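Printed here is run23.tsv (TSV, C-alpha atoms):
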```tsv
chain	number	residue	atom	x	y	z
A	1	MET	CA	12.98	10.14	14.80
A	2	LYS	CA	13.74	13.64	13.51
A	3	GLU	CA	11.24	14.93	10.95
A	4	THR	CA	13.86	15.45	8.20
A	5	ARG	CA	15.25	11.96	8.67
A	6	LYS	CA	11.70	10.58	8.68
A	7	TRP	CA	10.99	12.39	5.40
A	8	ILE	CA	14.16	10.97	3.78
A	9	PHE	CA	13.46	7.40	5.01
A	10	HIS	CA	9.88	7.71	3.77
A	11	ARG	CA	11.10	8.56	0.23
A	12	ILE	CA	13.82	5.89	0.18
A	13	SER	CA	11.40	3.21	1.41
A	14	ALA	CA	8.85	4.33	-1.23
A	15	VAL	CA	11.39	3.82	-4.02
A	16	ILE	CA	12.21	0.30	-2.71
A	17	VAL	CA	8.61	-0.74	-2.05
A	18	ALA	CA	6.93	0.57	-5.24
A	19	PRO	CA	8.44	-1.89	-7.78
A	20	LEU	CA	8.31	-4.82	-5.31
A	21	PHE	CA	4.65	-4.20	-4.46
A	22	ALA	CA	3.67	-3.89	-8.15
A	23	TRP	CA	5.58	-7.10	-8.99
A	24	LEU	CA	4.12	-9.15	-6.13
A	25	TYR	CA	0.60	-7.90	-6.72
A	26	PHE	CA	0.81	-8.74	-10.41
A	27	THR	CA	2.14	-12.21	-9.53
A	28	LEU	CA	-0.63	-12.83	-7.00
A	29	ILE	CA	-3.34	-11.83	-9.50
A	30	SER	CA	-1.75	-14.41	-11.77
A	31	LEU	CA	-1.49	-17.01	-8.96
A	32	SER	CA	-5.20	-16.56	-8.14
A	33	THR	CA	-5.95	-18.54	-11.31
A	34	LYS	CA	-3.41	-21.31	-10.50
A	35	ASN	CA	-3.48	-24.19	-8.02
A	36	TYR	CA	-1.72	-24.86	-4.70
A	37	GLN	CA	1.31	-26.61	-6.23
A	38	GLU	CA	2.07	-23.70	-8.55
A	39	ALA	CA	1.81	-21.22	-5.66
A	40	ILE	CA	4.21	-23.33	-3.56
A	41	TYR	CA	6.57	-23.63	-6.55
A	42	PHE	CA	6.57	-19.82	-6.88
A	43	PHE	CA	7.42	-19.24	-3.20
A	44	GLU	CA	10.13	-21.96	-3.17
A	45	ASN	CA	12.40	-19.70	-5.20
A	46	SER	CA	15.00	-18.12	-2.84
A	47	LEU	CA	15.05	-14.79	-4.67
A	48	VAL	CA	11.24	-14.55	-4.44
A	49	ARG	CA	11.39	-15.25	-0.71
A	50	ILE	CA	14.05	-12.57	-0.16
A	51	LEU	CA	12.11	-9.98	-2.20
A	52	VAL	CA	8.83	-10.73	-0.38
A	53	ILE	CA	10.54	-10.47	3.02
A	54	VAL	CA	12.19	-7.15	1.98
A	55	LEU	CA	8.79	-5.91	0.71
A	56	PHE	CA	7.12	-6.67	4.05
A	57	PHE	CA	9.83	-5.14	6.24
A	58	VAL	CA	10.31	-1.99	4.13
A	59	GLY	CA	6.59	-1.74	3.25
A	60	PHE	CA	5.49	-1.80	6.89
A	61	PHE	CA	8.28	0.65	7.80
A	62	HIS	CA	6.95	3.00	5.06
A	63	ALA	CA	3.38	2.50	6.34
A	64	LYS	CA	4.46	3.14	9.93
A	65	ILE	CA	5.91	6.56	9.02
A	66	SER	CA	2.78	7.44	7.00
A	67	LEU	CA	0.40	6.30	9.76
A	68	ASN	CA	2.34	8.41	12.24
A	69	GLU	CA	1.69	11.47	10.01
A	70	ILE	CA	-2.01	10.61	9.70
A	71	PHE	CA	-2.38	10.14	13.48
A	72	ASN	CA	-0.63	13.50	14.04
A	73	ASP	CA	-3.09	15.20	11.68
A	74	TYR	CA	-6.36	13.61	12.79
A	75	ILE	CA	-5.99	12.42	16.39
A	76	HIS	CA	-5.91	15.30	18.84
A	77	ASP	CA	-5.96	13.39	22.12
A	78	PRO	CA	-2.29	12.69	23.01
A	79	LYS	CA	-3.14	9.45	24.89
A	80	ILE	CA	-5.13	7.96	21.98
A	81	LYS	CA	-2.42	9.12	19.57
A	82	ASN	CA	0.22	7.34	21.67
A	83	VAL	CA	-1.77	4.11	21.75
A	84	ALA	CA	-2.37	4.31	17.98
A	85	ASN	CA	1.35	4.84	17.37
A	86	ILE	CA	2.31	1.91	19.62
A	87	LEU	CA	-0.24	-0.39	17.91
A	88	SER	CA	1.04	0.57	14.45
A	89	LEU	CA	4.62	-0.04	15.63
A	90	ILE	CA	3.68	-3.52	16.93
A	91	LEU	CA	1.86	-4.32	13.66
A	92	SER	CA	4.83	-3.12	11.57
A	93	ILE	CA	7.14	-5.51	13.46
A	94	ILE	CA	4.93	-8.56	14.00
A	95	VAL	CA	3.58	-9.02	10.45
A	96	PRO	CA	6.99	-8.91	8.67
A	97	VAL	CA	8.51	-11.23	11.32
A	98	ILE	CA	5.68	-13.77	10.83
A	99	ILE	CA	6.16	-13.57	7.04
A	100	LEU	CA	9.89	-14.19	7.54
A	101	ILE	CA	9.17	-17.26	9.70
A	102	LEU	CA	6.52	-18.60	7.28
A	103	LEU	CA	8.69	-18.20	4.20
A	104	VAL	CA	11.86	-19.58	5.78
A	105	TYR	CA	10.46	-22.45	7.86
A	106	LYS	CA	6.91	-23.28	6.71
A	107	ILE	CA	6.78	-23.07	2.91
B	1	MET	CA	-4.65	22.77	30.34
B	2	THR	CA	-7.15	25.61	29.67
B	3	ASP	CA	-9.23	25.68	26.50
B	4	ASN	CA	-7.41	27.40	23.68
B	5	GLN	CA	-9.68	30.21	22.42
B	6	ASN	CA	-7.49	31.12	19.46
B	7	PRO	CA	-9.37	31.12	16.13
B	8	LEU	CA	-8.81	28.06	13.96
B	9	SER	CA	-7.45	28.41	10.46
B	10	PRO	CA	-9.99	27.61	7.71
B	11	HIS	CA	-10.47	23.85	7.38
B	12	LEU	CA	-10.81	21.57	4.36
B	13	GLN	CA	-14.53	22.15	3.79
B	14	ILE	CA	-13.96	25.91	3.37
B	15	TYR	CA	-11.93	25.49	0.20
B	16	ARG	CA	-13.12	24.73	-3.32
B	17	TRP	CA	-11.92	21.31	-4.46
B	18	HIS	CA	-9.01	21.30	-6.87
B	19	ILE	CA	-7.49	18.33	-8.62
B	20	SER	CA	-4.37	18.70	-6.42
B	21	SER	CA	-6.34	18.62	-3.16
B	22	LEU	CA	-8.44	15.70	-4.43
B	23	LEU	CA	-5.32	13.74	-5.36
B	24	SER	CA	-3.62	14.63	-2.10
B	25	ILE	CA	-6.37	13.11	0.07
B	26	THR	CA	-6.81	10.18	-2.35
B	27	HIS	CA	-3.06	9.48	-2.11
B	28	ARG	CA	-3.40	9.23	1.65
B	29	ILE	CA	-6.53	7.05	1.51
B	30	SER	CA	-4.99	4.75	-1.13
B	31	GLY	CA	-1.92	4.38	1.11
B	32	VAL	CA	-4.14	3.11	3.94
B	33	ILE	CA	-5.96	0.77	1.52
B	34	ASN	CA	-2.55	-0.52	0.38
B	35	LEU	CA	-1.78	-1.42	3.98
B	36	PHE	CA	-4.91	-3.62	3.99
B	37	SER	CA	-3.79	-5.01	0.66
B	38	LEU	CA	-0.42	-5.94	2.18
B	39	ILE	CA	-2.27	-7.59	5.07
B	40	LEU	CA	-4.30	-9.58	2.50
B	41	ILE	CA	-1.01	-10.79	0.95
B	42	PHE	CA	0.10	-11.74	4.47
B	43	PHE	CA	-3.03	-13.91	4.85
B	44	TRP	CA	-2.44	-15.33	1.37
B	45	VAL	CA	1.01	-16.58	2.44
B	46	LEU	CA	-0.34	-17.71	5.83
B	47	VAL	CA	-3.12	-19.81	4.21
B	48	LEU	CA	-0.60	-21.24	1.74
B	49	SER	CA	1.48	-22.46	4.68
B	50	LEU	CA	-1.60	-24.19	6.21
B	51	GLY	CA	-1.89	-26.66	3.33
B	52	GLU	CA	-3.76	-27.42	0.13
B	53	ASN	CA	-7.32	-27.66	1.51
B	54	HIS	CA	-7.16	-24.26	3.22
B	55	TYR	CA	-5.54	-22.72	0.15
B	56	GLU	CA	-8.20	-24.04	-2.23
B	57	SER	CA	-10.93	-22.56	0.03
B	58	PHE	CA	-9.07	-19.26	0.06
B	59	LEU	CA	-8.91	-19.30	-3.76
B	60	LEU	CA	-12.69	-19.81	-3.88
B	61	VAL	CA	-13.18	-16.66	-1.80
B	62	ILE	CA	-10.62	-14.67	-3.85
B	63	ASN	CA	-12.25	-15.74	-7.13
B	64	SER	CA	-15.81	-15.00	-5.99
B	65	PHE	CA	-17.55	-11.80	-7.16
B	66	VAL	CA	-16.78	-10.02	-3.87
B	67	GLY	CA	-13.18	-11.30	-3.90
B	68	LYS	CA	-12.60	-10.02	-7.42
B	69	PHE	CA	-14.22	-6.70	-6.54
B	70	PHE	CA	-11.77	-6.23	-3.67
B	71	LEU	CA	-8.77	-7.44	-5.70
B	72	ILE	CA	-9.57	-5.01	-8.55
B	73	GLY	CA	-10.07	-2.22	-6.00
B	74	PHE	CA	-6.75	-3.03	-4.34
B	75	THR	CA	-5.06	-3.12	-7.76
B	76	TRP	CA	-6.38	0.36	-8.55
B	77	SER	CA	-5.31	1.62	-5.12
B	78	MET	CA	-1.81	0.23	-5.65
B	79	SER	CA	-1.60	1.70	-9.20
B	80	PHE	CA	-2.86	5.09	-8.07
B	81	HIS	CA	-0.56	5.30	-5.03
B	82	LEU	CA	2.43	4.24	-7.12
B	83	LEU	CA	1.81	6.84	-9.87
B	84	SER	CA	0.83	9.58	-7.44
B	85	GLY	CA	3.98	8.73	-5.44
B	86	ILE	CA	6.10	9.25	-8.56
B	87	ARG	CA	4.38	12.66	-8.96
B	88	HIS	CA	5.33	13.49	-5.37
B	89	LEU	CA	8.94	12.39	-5.96
B	90	ILE	CA	9.14	14.67	-9.03
B	91	TRP	CA	7.86	17.52	-6.83
B	92	ASP	CA	10.54	16.63	-4.27
B	93	PHE	CA	13.16	17.34	-6.95
B	94	GLY	CA	11.56	20.76	-7.47
B	95	TYR	CA	9.72	20.17	-10.74
B	96	GLY	CA	6.06	20.42	-11.73
B	97	PHE	CA	4.81	22.97	-9.20
B	98	GLU	CA	3.22	25.33	-11.76
B	99	ILE	CA	-0.58	25.19	-11.41
B	100	LYS	CA	-1.13	24.13	-15.04
B	101	THR	CA	1.57	21.43	-14.84
B	102	ALA	CA	0.24	20.15	-11.49
B	103	ASN	CA	-3.29	19.93	-12.93
B	104	ILE	CA	-2.11	18.07	-16.03
B	105	SER	CA	0.06	15.65	-14.03
B	106	GLY	CA	-2.92	15.03	-11.72
B	107	ILE	CA	-5.17	14.11	-14.64
B	108	ILE	CA	-2.39	11.89	-16.07
B	109	VAL	CA	-2.16	10.07	-12.71
B	110	ILE	CA	-5.93	9.41	-12.57
B	111	ILE	CA	-6.22	8.16	-16.16
B	112	SER	CA	-2.96	6.14	-16.01
B	113	SER	CA	-3.99	4.46	-12.75
B	114	LEU	CA	-7.20	3.22	-14.40
B	115	ILE	CA	-5.31	2.00	-17.49
B	116	LEU	CA	-2.64	0.31	-15.32
B	117	THR	CA	-5.37	-1.46	-13.30
B	118	VAL	CA	-6.96	-2.86	-16.47
B	119	VAL	CA	-3.55	-3.90	-17.90
B	120	PHE	CA	-2.47	-5.52	-14.61
B	121	TRP	CA	-5.73	-7.40	-14.31
B	122	LEU	CA	-5.96	-8.59	-17.93
B	123	MET	CA	-2.27	-9.62	-18.07
B	124	GLY	CA	-2.29	-11.16	-14.59
B	125	ARG	CA	-5.37	-13.26	-15.35
B	126	GLY	CA	-3.86	-14.31	-18.70
B	127	LEU	CA	-6.60	-12.60	-20.73
B	128	ILE	CA	-4.10	-10.78	-22.99
```

As structure tokens, the full file:
Amino acid sequence: MKETRKWIFHRISAVIVAPLFAWLYFTLISLSTKNYQEAIYFFENSLVRILVIVLFFVGFFHAKISLNEIFNDYIHDPKIKNVANILSLILSIIVPVIILILLVYKI
Amino acid sequence: MTDNQNPLSPHLQIYRWHISSLLSITHRISGVINLFSLILIFFWVLVLSLGENHYESFLLVINSFVGKFFLIGFTWSMSFHLLSGIRHLIWDFGYGFEIKTANISGIIVIISSLILTVVFWLMGRGLI
């Protein structure tokens, strides 16, 4: 990905993720005092599911771009840098996909 | 490839710490912590899908002293990264680069992140 495009995507994803992350974190602090049924009830709402799935996909995309920058700055061995970038790419795909499956089929 | 003998530019430890440099590295570190925080939320949803018994055990861990310590830390990290990110976005539009303004906005970010953490925690736990 070109650096300018990466920079623009990083900013756009930040604007999407910031309110979603704050909302979900606040809700989870609140859910930590409630029982299983109330947590299930919260996640049964379709809008909640969609927002959580969007948060995970866009959040991990945002993190992937940032991690790429960090690896570029601190890892000097090209081979290790490559492996780190591939691992972060796999993580940024697998975790959101599992969340999608869990929220659509398991909860 | 032969060893590059060119002199290196001065590195971080050469410079005196400023609020901007402190916030810059903290923004990066808090971003990484937020990734762990997102992974914690992932496990939260995963445990929820495993059933009531697993979820109740998870709640015990989350509500223990260590669990609360991490949750409060993650809340601060999220608050700080969010506010510092807004500061970066304002810079992206070309505002706030003057040294005095950058210093003041930095202090505002630090203090506001602490206040936001307390507000999030007290409201989230139903204490206010």

Margin query: For a test of reading the model, state the distance in Å between atom CA of B:Leu71 and atom CA of B:Val47, rounded to one decimal.
Written below: 16.8 Å

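The space separating atom CA of A:Ser88 from atom CA of B:Phe70 comes to 23.2 Å.
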
Check: Near stretch 14-24 of chain A, counting only C-alpha atoms, which residues have an atom at most 12 Å away, once you skip same-chain residues fewer than 5 positions from it, shown as a PyMOL selection string?
Finding: (chain A and resi 7-9+29-31+42-43+48-63+65-66) or (chain B and resi 31+34-35+37-38+41-42+44-45+74-86+88-89+116-117+120-121+124)

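Atom pair atom CA of A:Leu103 / atom CA of B:Ser49 has a distance of 8.4 Å (rounded to one decimal).
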
Item checked: For chain A, the nearest of the candidates B:Gln5, B:Gln13, B:Ser30, B:Ser21, counting only C-alpha atoms -> B:Ser30

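Of the listed residues (B:Thr26, B:Leu46, B:Lys100, B:Tyr15), B:Leu46 comes nearest to A:Tyr105; the distances count only C-alpha atoms.
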
Because the input lacks atoms here, generate N, CA and C atoms for stretch 76-108 of chain B and report them as a PDB file, in the frame of the given file.
```
ATOM      1  N   TRP B  76      -6.299  -1.070  -8.209  1.00  0.00           N
ATOM      2  CA  TRP B  76      -6.380   0.360  -8.550  1.00  0.00           C
ATOM      3  C   TRP B  76      -5.676   1.197  -7.488  1.00  0.00           C
ATOM      4  N   SER B  77      -5.917   0.872  -6.223  1.00  0.00           N
ATOM      5  CA  SER B  77      -5.310   1.620  -5.120  1.00  0.00           C
ATOM      6  C   SER B  77      -3.790   1.587  -5.222  1.00  0.00           C
ATOM      7  N   MET B  78      -3.256   0.391  -5.515  1.00  0.00           N
ATOM      8  CA  MET B  78      -1.810   0.230  -5.650  1.00  0.00           C
ATOM      9  C   MET B  78      -1.300   1.051  -6.845  1.00  0.00           C
ATOM     10  N   SER B  79      -2.014   0.965  -7.989  1.00  0.00           N
ATOM     11  CA  SER B  79      -1.600   1.700  -9.200  1.00  0.00           C
ATOM     12  C   SER B  79      -1.633   3.201  -8.937  1.00  0.00           C
ATOM     13  N   PHE B  80      -2.719   3.656  -8.321  1.00  0.00           N
ATOM     14  CA  PHE B  80      -2.860   5.090  -8.070  1.00  0.00           C
ATOM     15  C   PHE B  80      -1.768   5.593  -7.132  1.00  0.00           C
ATOM     16  N   HIS B  81      -1.542   4.867  -6.026  1.00  0.00           N
ATOM     17  CA  HIS B  81      -0.560   5.300  -5.030  1.00  0.00           C
ATOM     18  C   HIS B  81       0.846   5.321  -5.624  1.00  0.00           C
ATOM     19  N   LEU B  82       1.115   4.330  -6.481  1.00  0.00           N
ATOM     20  CA  LEU B  82       2.430   4.240  -7.120  1.00  0.00           C
ATOM     21  C   LEU B  82       2.658   5.457  -8.045  1.00  0.00           C
ATOM     22  N   LEU B  83       1.668   5.737  -8.912  1.00  0.00           N
ATOM     23  CA  LEU B  83       1.810   6.840  -9.870  1.00  0.00           C
ATOM     24  C   LEU B  83       1.784   8.199  -9.166  1.00  0.00           C
ATOM     25  N   SER B  84       0.892   8.326  -8.186  1.00  0.00           N
ATOM     26  CA  SER B  84       0.830   9.580  -7.440  1.00  0.00           C
ATOM     27  C   SER B  84       2.121   9.779  -6.635  1.00  0.00           C
ATOM     28  N   GLY B  85       2.703   8.673  -6.164  1.00  0.00           N
ATOM     29  CA  GLY B  85       3.980   8.730  -5.440  1.00  0.00           C
ATOM     30  C   GLY B  85       5.100   9.227  -6.338  1.00  0.00           C
ATOM     31  N   ILE B  86       5.095   8.773  -7.599  1.00  0.00           N
ATOM     32  CA  ILE B  86       6.100   9.250  -8.560  1.00  0.00           C
ATOM     33  C   ILE B  86       5.943  10.758  -8.769  1.00  0.00           C
ATOM     34  N   ARG B  87       4.653  11.215  -8.828  1.00  0.00           N
ATOM     35  CA  ARG B  87       4.380  12.660  -8.960  1.00  0.00           C
ATOM     36  C   ARG B  87       4.949  13.426  -7.763  1.00  0.00           C
ATOM     37  N   HIS B  88       4.787  12.860  -6.579  1.00  0.00           N
ATOM     38  CA  HIS B  88       5.330  13.490  -5.370  1.00  0.00           C
ATOM     39  C   HIS B  88       6.856  13.534  -5.410  1.00  0.00           C
ATOM     40  N   LEU B  89       7.464  12.436  -5.892  1.00  0.00           N
ATOM     41  CA  LEU B  89       8.940  12.390  -5.960  1.00  0.00           C
ATOM     42  C   LEU B  89       9.459  13.450  -6.940  1.00  0.00           C
ATOM     43  N   ILE B  90       8.730  13.639  -8.053  1.00  0.00           N
ATOM     44  CA  ILE B  90       9.140  14.670  -9.030  1.00  0.00           C
ATOM     45  C   ILE B  90       9.040  16.055  -8.370  1.00  0.00           C
ATOM     46  N   TRP B  91       7.987  16.266  -7.577  1.00  0.00           N
ATOM     47  CA  TRP B  91       7.860  17.520  -6.830  1.00  0.00           C
ATOM     48  C   TRP B  91       9.034  17.696  -5.866  1.00  0.00           C
ATOM     49  N   ASP B  92       9.432  16.565  -5.233  1.00  0.00           N
ATOM     50  CA  ASP B  92      10.540  16.630  -4.270  1.00  0.00           C
ATOM     51  C   ASP B  92      11.834  17.122  -4.919  1.00  0.00           C
ATOM     52  N   PHE B  93      11.973  16.860  -6.226  1.00  0.00           N
ATOM     53  CA  PHE B  93      13.160  17.340  -6.950  1.00  0.00           C
ATOM     54  C   PHE B  93      12.956  18.770  -7.465  1.00  0.00           C
ATOM     55  N   GLY B  94      11.805  19.352  -7.149  1.00  0.00           N
ATOM     56  CA  GLY B  94      11.560  20.760  -7.470  1.00  0.00           C
ATOM     57  C   GLY B  94      10.901  21.021  -8.800  1.00  0.00           C
ATOM     58  N   TYR B  95      10.373  19.973  -9.440  1.00  0.00           N
ATOM     59  CA  TYR B  95       9.720  20.170 -10.740  1.00  0.00           C
ATOM     60  C   TYR B  95       8.197  20.010 -10.633  1.00  0.00           C
ATOM     61  N   GLY B  96       7.501  20.647 -11.566  1.00  0.00           N
ATOM     62  CA  GLY B  96       6.060  20.420 -11.730  1.00  0.00           C
ATOM     63  C   GLY B  96       5.151  21.154 -10.767  1.00  0.00           C
ATOM     64  N   PHE B  97       5.639  22.253 -10.170  1.00  0.00           N
ATOM     65  CA  PHE B  97       4.810  22.970  -9.200  1.00  0.00           C
ATOM     66  C   PHE B  97       3.848  23.981  -9.839  1.00  0.00           C
ATOM     67  N   GLU B  98       4.093  24.348 -11.114  1.00  0.00           N
ATOM     68  CA  GLU B  98       3.220  25.330 -11.760  1.00  0.00           C
ATOM     69  C   GLU B  98       1.782  24.771 -11.763  1.00  0.00           C
ATOM     70  N   ILE B  99       0.807  25.655 -11.567  1.00  0.00           N
ATOM     71  CA  ILE B  99      -0.580  25.190 -11.410  1.00  0.00           C
ATOM     72  C   ILE B  99      -1.027  24.351 -12.605  1.00  0.00           C
ATOM     73  N   LYS B 100      -0.691  24.850 -13.840  1.00  0.00           N
ATOM     74  CA  LYS B 100      -1.130  24.130 -15.040  1.00  0.00           C
ATOM     75  C   LYS B 100      -0.476  22.746 -15.087  1.00  0.00           C
ATOM     76  N   THR B 101       0.841  22.699 -14.801  1.00  0.00           N
ATOM     77  CA  THR B 101       1.570  21.430 -14.840  1.00  0.00           C
ATOM     78  C   THR B 101       1.018  20.465 -13.784  1.00  0.00           C
ATOM     79  N   ALA B 102       0.761  20.992 -12.578  1.00  0.00           N
ATOM     80  CA  ALA B 102       0.240  20.150 -11.490  1.00  0.00           C
ATOM     81  C   ALA B 102      -1.131  19.588 -11.853  1.00  0.00           C
ATOM     82  N   ASN B 103      -1.963  20.410 -12.509  1.00  0.00           N
ATOM     83  CA  ASN B 103      -3.290  19.930 -12.930  1.00  0.00           C
ATOM     84  C   ASN B 103      -3.177  18.834 -13.974  1.00  0.00           C
ATOM     85  N   ILE B 104      -2.279  19.070 -14.960  1.00  0.00           N
ATOM     86  CA  ILE B 104      -2.110  18.070 -16.030  1.00  0.00           C
ATOM     87  C   ILE B 104      -1.555  16.774 -15.456  1.00  0.00           C
ATOM     88  N   SER B 105      -0.529  16.873 -14.594  1.00  0.00           N
ATOM     89  CA  SER B 105       0.060  15.650 -14.030  1.00  0.00           C
ATOM     90  C   SER B 105      -0.966  14.903 -13.174  1.00  0.00           C
ATOM     91  N   GLY B 106      -1.860  15.651 -12.516  1.00  0.00           N
ATOM     92  CA  GLY B 106      -2.920  15.030 -11.720  1.00  0.00           C
ATOM     93  C   GLY B 106      -3.867  14.213 -12.589  1.00  0.00           C
ATOM     94  N   ILE B 107      -4.258  14.819 -13.713  1.00  0.00           N
ATOM     95  CA  ILE B 107      -5.170  14.110 -14.640  1.00  0.00           C
ATOM     96  C   ILE B 107      -4.462  12.873 -15.208  1.00  0.00           C
ATOM     97  N   ILE B 108      -3.162  13.025 -15.534  1.00  0.00           N
ATOM     98  CA  ILE B 108      -2.390  11.890 -16.070  1.00  0.00           C
ATOM     99  C   ILE B 108      -2.376  10.748 -15.042  1.00  0.00           C
TER     100      ILE B 108
END
```
